[in-house]
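Colleague: Structure below; questions to follow.
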Amino acid sequence: MIDRLALTRRRFIQATAAASAWLAAPGAMGRVLGSGERLNLAVIGTGGMGTAHLRGLMDRRERDNVTVSRVCDLYRRRLNTAVKIIEGGPGSGTMEYREVLDDPDVDAVIIATPDHWHTKIAIEAMEAGKDVYCEKPLSLTVEQALECRLAVRRTGRVLQVGPQRTSDDRFWKARRAIAEGRIGPVTWSQASYCRNSHDGQFNWPIEPDASPDNPPETEGYVWWDRWLGWEWDLAPRIEWNPDHFFRFRKYFAYNGGVATDLLYHLLAPLLLAITGPDGEYPSRVVASGGRYLETDQRDIPDTFMMTVDYPSNHTISLISVMTNDVGIPTVIHGRHATLQFGDRTIDIREQAAWWREFRRTNAGLFSWRMVENDTGTRIPEPAPGTAAFSVHSSPRRDHMGNFIDSVRSEATPHCNVELGCSTMVAIKMGVEAYRRSKTLLWDTDSQRVIEH
């Protein structure tokens with residue numbers, strides 16, 4: 001099993017089995033939307049990312065014909081703020097997410113809870129006939145990701161995972177270029193997501209009056225036991241710890257640190273570009289790093305590097321460092337050419353050894369000619385290794401807009417559950433390779449992680 005503290009496959013199935021009964025209930029298959037009907041949304045989890053989604057959805061109410069009718073959070077202060085943002089009335093805010101899923105007027109939910117709750121809510125929402133936008137990462141564990149993938153296949157609901165760069169047109173342009181053979185076979189790629197902060201990464205403010213000991217109706221009340229989810233083995237049962245609650249990304253019990261928070265943003269679009277919109281499962285993952293400078297009570301590293309080998313014969317190297325914000329550029333290396341990402345372009349430059357193949361494959365995309373040098377020898381101009389061209393990105397629907405269109409059957413998700421799951425497997429293998437100091441392998445037949 002990938003994580004001793006995480007949910008086992010058997011207990012996760014038990015935890016979500018009750019939701020399957022909703023399939024037989026009236027309305028469980030979800031409302032069929034007409035093209036002009038308003039889409040009713042709910043947001044579950046209204047912390048930083050959830051509140052950003054709320055504000056974004058309110059801004060697009062008229063443009064996209066949507067409304068946010070319900071909000072849910074386990075911290076009374078955040079819940080009250082969310083109700084004000086949506087201009088909600090009595091009953092629009094709740095601490096019980098199942099009330100949202102039971103509401104027949106809710107068409108789709110946006111899940112922005114801490115990671116360990118993502119797939120339990122997502123699966124139950126789909127079983128209740130709702131479509132789902134699930135913030136990245138898809139899950140906390142590999143087992144949860146696989147169960148979510150199965151739930152999408154079983155229910156036929158729309159599920160969009162939240163790495164927004166998969167809606168960046170540059171990666172779709174890169175997908176087309178690679179599929180057309182314009183850089184030759186891809187051999188490896190690289191990317192990084194680095195930050196630096198004076199007070200330590202993820203050390204977000206702690207509100208001193210927050211506590212589960214407060215009366216439930218007061219601003220400072222936190223439903224701590226539910227937040228942990230220990231009843232379903234989502235996280236271990238511990239006493240109230242405000243650092244865990246407000247700064248959950250510092251702890252492996254609830255997420256995978258920089259790997260799941262940041263590197264997921266890079267791996268998903270790279271897989272989209274290299275192998276296609278359903279991604280690819282890894283063959284081998286190694287990782288390294290440590291807590292070098294940020295040595296408070298956190299257990300996640302401040303420096304993390306992982307390398308993923310894929311069965312289609314390419315390797316992806318990812319770096320996330322929280323103590324220096326200078327990273328490496330995002331580059332995809334093919335045998336015939338190198339593809340780099342500009343601000344609004346993909347820039348492709350040939351490899352000198354393969355200039356003939358590169359220019360033949362990309363004929364008409366740039367100018368070149370054969371000339372005679374001083375000795376009368378015919379040579380290419382520009383010289384081998386210097387020919388290049390750029391492809392400009394085009395307007396593309398933003399990530400949430402793509403989800404809205406998908407719910408209305410007018411599009412397909414830019415990060416569907418297949419891409420979200422294959423990304424999650426590799427990222428989680430990286431987290432566990434680091435924690436175990438082991439090389440981890442993916443067994444395709446059994447769909448599980450094994451140690452080398």
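Residue numbering restarts at 1 for every chain of the structure tokens, chains are lettered A, B, ... in their displayed order, and ligands are numbered from 1 as they appear.
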Where in range 129-364 of chain A does DSSP assign helix (DSSP H, G or I), given as number ranges by chain?
Modeller: A: 142-155, 164-167, 169-179, 224-228, 230-232, 242-246, 248-250, 258-275, 352-361
Colleague: Taking only residues of range 307-347 of chain A that have an atom at most 8 Å from an atom of range 276-289 of chain A, what is each one's shortest atom pair and its distance in Å to one decimal, using only C-alpha atoms, in chain and number order, as CSV?
Modeller:
```
residue,atom,partner,partner_atom,distance
A:Thr307,CA,A:Val286,CA,5.5
A:Val308,CA,A:Val285,CA,4.6
A:Asp309,CA,A:Arg284,CA,5.1
A:Tyr310,CA,A:Pro282,CA,4.6
A:Pro311,CA,A:Ser283,CA,5.7
```
Colleague: Can you list, as a PyMOL selection string, every protein, DNA or RNA residue that comes within 7 Å of Tyr221 in chain A when you count only C-alpha atoms, leaving out same-chain residues fewer than 4 positions away?
Modeller: chain A and resi 75-76+210-212+214-216
Colleague: Give me a file of those residues, with C-alpha atoms, as a PDB file, in the first residue's frame.
Modeller:
```
ATOM      1  CA  TYR A  75     -15.043  26.622   9.720  1.00  0.00           C
ATOM      2  CA  ARG A  76     -17.907  28.937  10.613  1.00  0.00           C
ATOM      3  CA  ALA A 210     -10.550  29.245  15.988  1.00  0.00           C
ATOM      4  CA  SER A 211     -11.303  26.076  17.949  1.00  0.00           C
ATOM      5  CA  PRO A 212     -13.674  23.097  18.041  1.00  0.00           C
ATOM      6  CA  ASN A 214     -16.375  27.172  20.521  1.00  0.00           C
ATOM      7  CA  PRO A 215     -20.174  27.015  20.299  1.00  0.00           C
ATOM      8  CA  PRO A 216     -21.118  25.860  16.771  1.00  0.00           C
TER       9      PRO A 216
END
```
Colleague: Each residue of range 61-164 of chain A with at least one atom at most 7 Å from range 408-418 of chain A should appear once, together with its nearest atom pair and the corresponding distance in Å (one decimal); atoms considered: only C-alpha atoms; ordering: chain, then increasing residue number; output as JSON lines.
Modeller:
```
{"residue": "A:Arg149", "atom": "CA", "partner": "A:Val417", "partner_atom": "CA", "distance": 5.7}
{"residue": "A:Leu159", "atom": "CA", "partner": "A:Asn416", "partner_atom": "CA", "distance": 6.1}
{"residue": "A:Gln160", "atom": "CA", "partner": "A:Asn416", "partner_atom": "CA", "distance": 5.2}
{"residue": "A:Val161", "atom": "CA", "partner": "A:Cys415", "partner_atom": "CA", "distance": 5.4}
```
Colleague: Got time to write the residues from that selection, N, CA and C atoms, as a short mmCIF file (atom, residue, chain, number, x, y, z; two decimals), in the first residue's frame?
Modeller:
```
data_model
loop_
_atom_site.label_atom_id
_atom_site.label_comp_id
_atom_site.auth_asym_id
_atom_site.auth_seq_id
_atom_site.Cartn_x
_atom_site.Cartn_y
_atom_site.Cartn_z
N ARG A 149 -11.54 7.30 -10.64
CA ARG A 149 -11.55 6.99 -12.08
C ARG A 149 -12.66 6.00 -12.40
N LEU A 159 -16.14 15.02 -14.85
CA LEU A 159 -15.22 15.39 -13.78
C LEU A 159 -14.04 16.12 -14.39
N GLN A 160 -13.80 17.32 -13.90
CA GLN A 160 -12.64 18.12 -14.30
C GLN A 160 -11.71 18.23 -13.11
N VAL A 161 -10.43 17.90 -13.30
CA VAL A 161 -9.42 18.08 -12.26
C VAL A 161 -8.77 19.45 -12.49
#
```
Colleague: Could you give me, as an NGL selection string, the residues within 12 Å of range 58-63 of chain A, counting only C-alpha atoms and dropping anything in the same chain fewer than 3 positions from it?
Modeller: :A and (36-43 or 51-55 or 66-69 or 82-88 or 398 or 400-401 or 404)
Colleague: Measure the distance from CA of Phe389 in chain A to CA of Ser189 in chain A in Å and round it to one decimal.
Modeller: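 That distance, rounded to one decimal, is 19.2 Å.
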Colleague: Quick one: distance from CA of Asp233 in chain A to CA of Cys72 in chain A in Å, one decimal?
Modeller: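 Taking CA of Asp233 in chain A and CA of Cys72 in chain A, their separation equals 21.2 Å.
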Colleague: Quick one: residues within 12 Å of range 198-209 of chain A, only C-alpha atoms counted, chain neighbours fewer than 3 positions away excluded, as an MDAnalysis selection string?
Modeller: chainID A and resid 47:48 75:78 194:195 212:215 218:222 241:251 257:258 261:262 291:298 300:303 320:325
Colleague: Rank A:Arg369, A:Ala122, A:Asp115, A:Ile178 by their smallest atom-to-atom distance to Tyr97 in chain A, using only C-alpha atoms, and report the top residue only.
Modeller: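 Looking only at the distances to Tyr97 in chain A, the closest residue turns out to be A:Ala122.
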Colleague: Just give me the gap between CA of Tyr254 in chain A and CA of Val106 in chain A in Å, one decimal is fine.
Modeller: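 For CA of Tyr254 in chain A relative to CA of Val106 in chain A, the distance reads 27.6 Å.
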Colleague: Rank nothing, just name the residue among A:Ala125, A:Met306, A:Leu228, A:Leu318 nearest to Leu440 in chain A, using only C-alpha atoms.
Modeller: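 Using only C-alpha atoms, Leu440 in chain A sits closest to A:Met306.
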Colleague: Could you pull out the strand (DSSP E or B) residues of range 89-129 of chain A from DSSP and send them as a ChimeraX atom specification?
Modeller: /A:93-94,108-111
Colleague: Output N, CA and C atoms of each residue in that selection to a file, as a CSV table (one decimal), in the first residue's frame.
Modeller:
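After the write, selection.csv holds the following:
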```csv
chain,number,residue,atom,x,y,z
A,93,GLY,N,-25.8,28.2,3.2
A,93,GLY,CA,-24.5,27.7,3.7
A,93,GLY,C,-24.7,26.6,4.7
A,94,THR,N,-23.9,25.6,4.6
A,94,THR,CA,-24.0,24.4,5.5
A,94,THR,C,-22.6,23.9,5.8
A,108,ALA,N,-23.9,20.8,-10.2
A,108,ALA,CA,-22.5,20.5,-10.2
A,108,ALA,C,-21.8,21.1,-9.0
A,109,VAL,N,-20.8,20.5,-8.5
A,109,VAL,CA,-20.1,21.0,-7.3
A,109,VAL,C,-18.6,21.2,-7.6
A,110,ILE,N,-18.1,22.2,-7.0
A,110,ILE,CA,-16.6,22.5,-7.0
A,110,ILE,C,-16.1,22.1,-5.7
A,111,ILE,N,-15.1,21.2,-5.7
A,111,ILE,CA,-14.5,20.7,-4.4
A,111,ILE,C,-13.1,21.3,-4.2
```
Colleague: Which residue out of A:Asn255, A:Gln144, A:Thr113, A:Ser422 has the minimum interatomic distance to Arg226 in chain A when only C-alpha atoms are used?
Modeller: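 Smallest separation from Arg226 in chain A among the options: A:Thr113.
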Colleague: Check the smallest atom-to-atom distance from each of A:Ala433, A:Ile121, A:Leu74, A:Val391 to Thr345 in chain A using only C-alpha atoms, then report the winner.
Modeller: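 Of A:Ala433, A:Ile121, A:Leu74, A:Val391, the one nearest Thr345 in chain A, counting only C-alpha atoms, is A:Val391.
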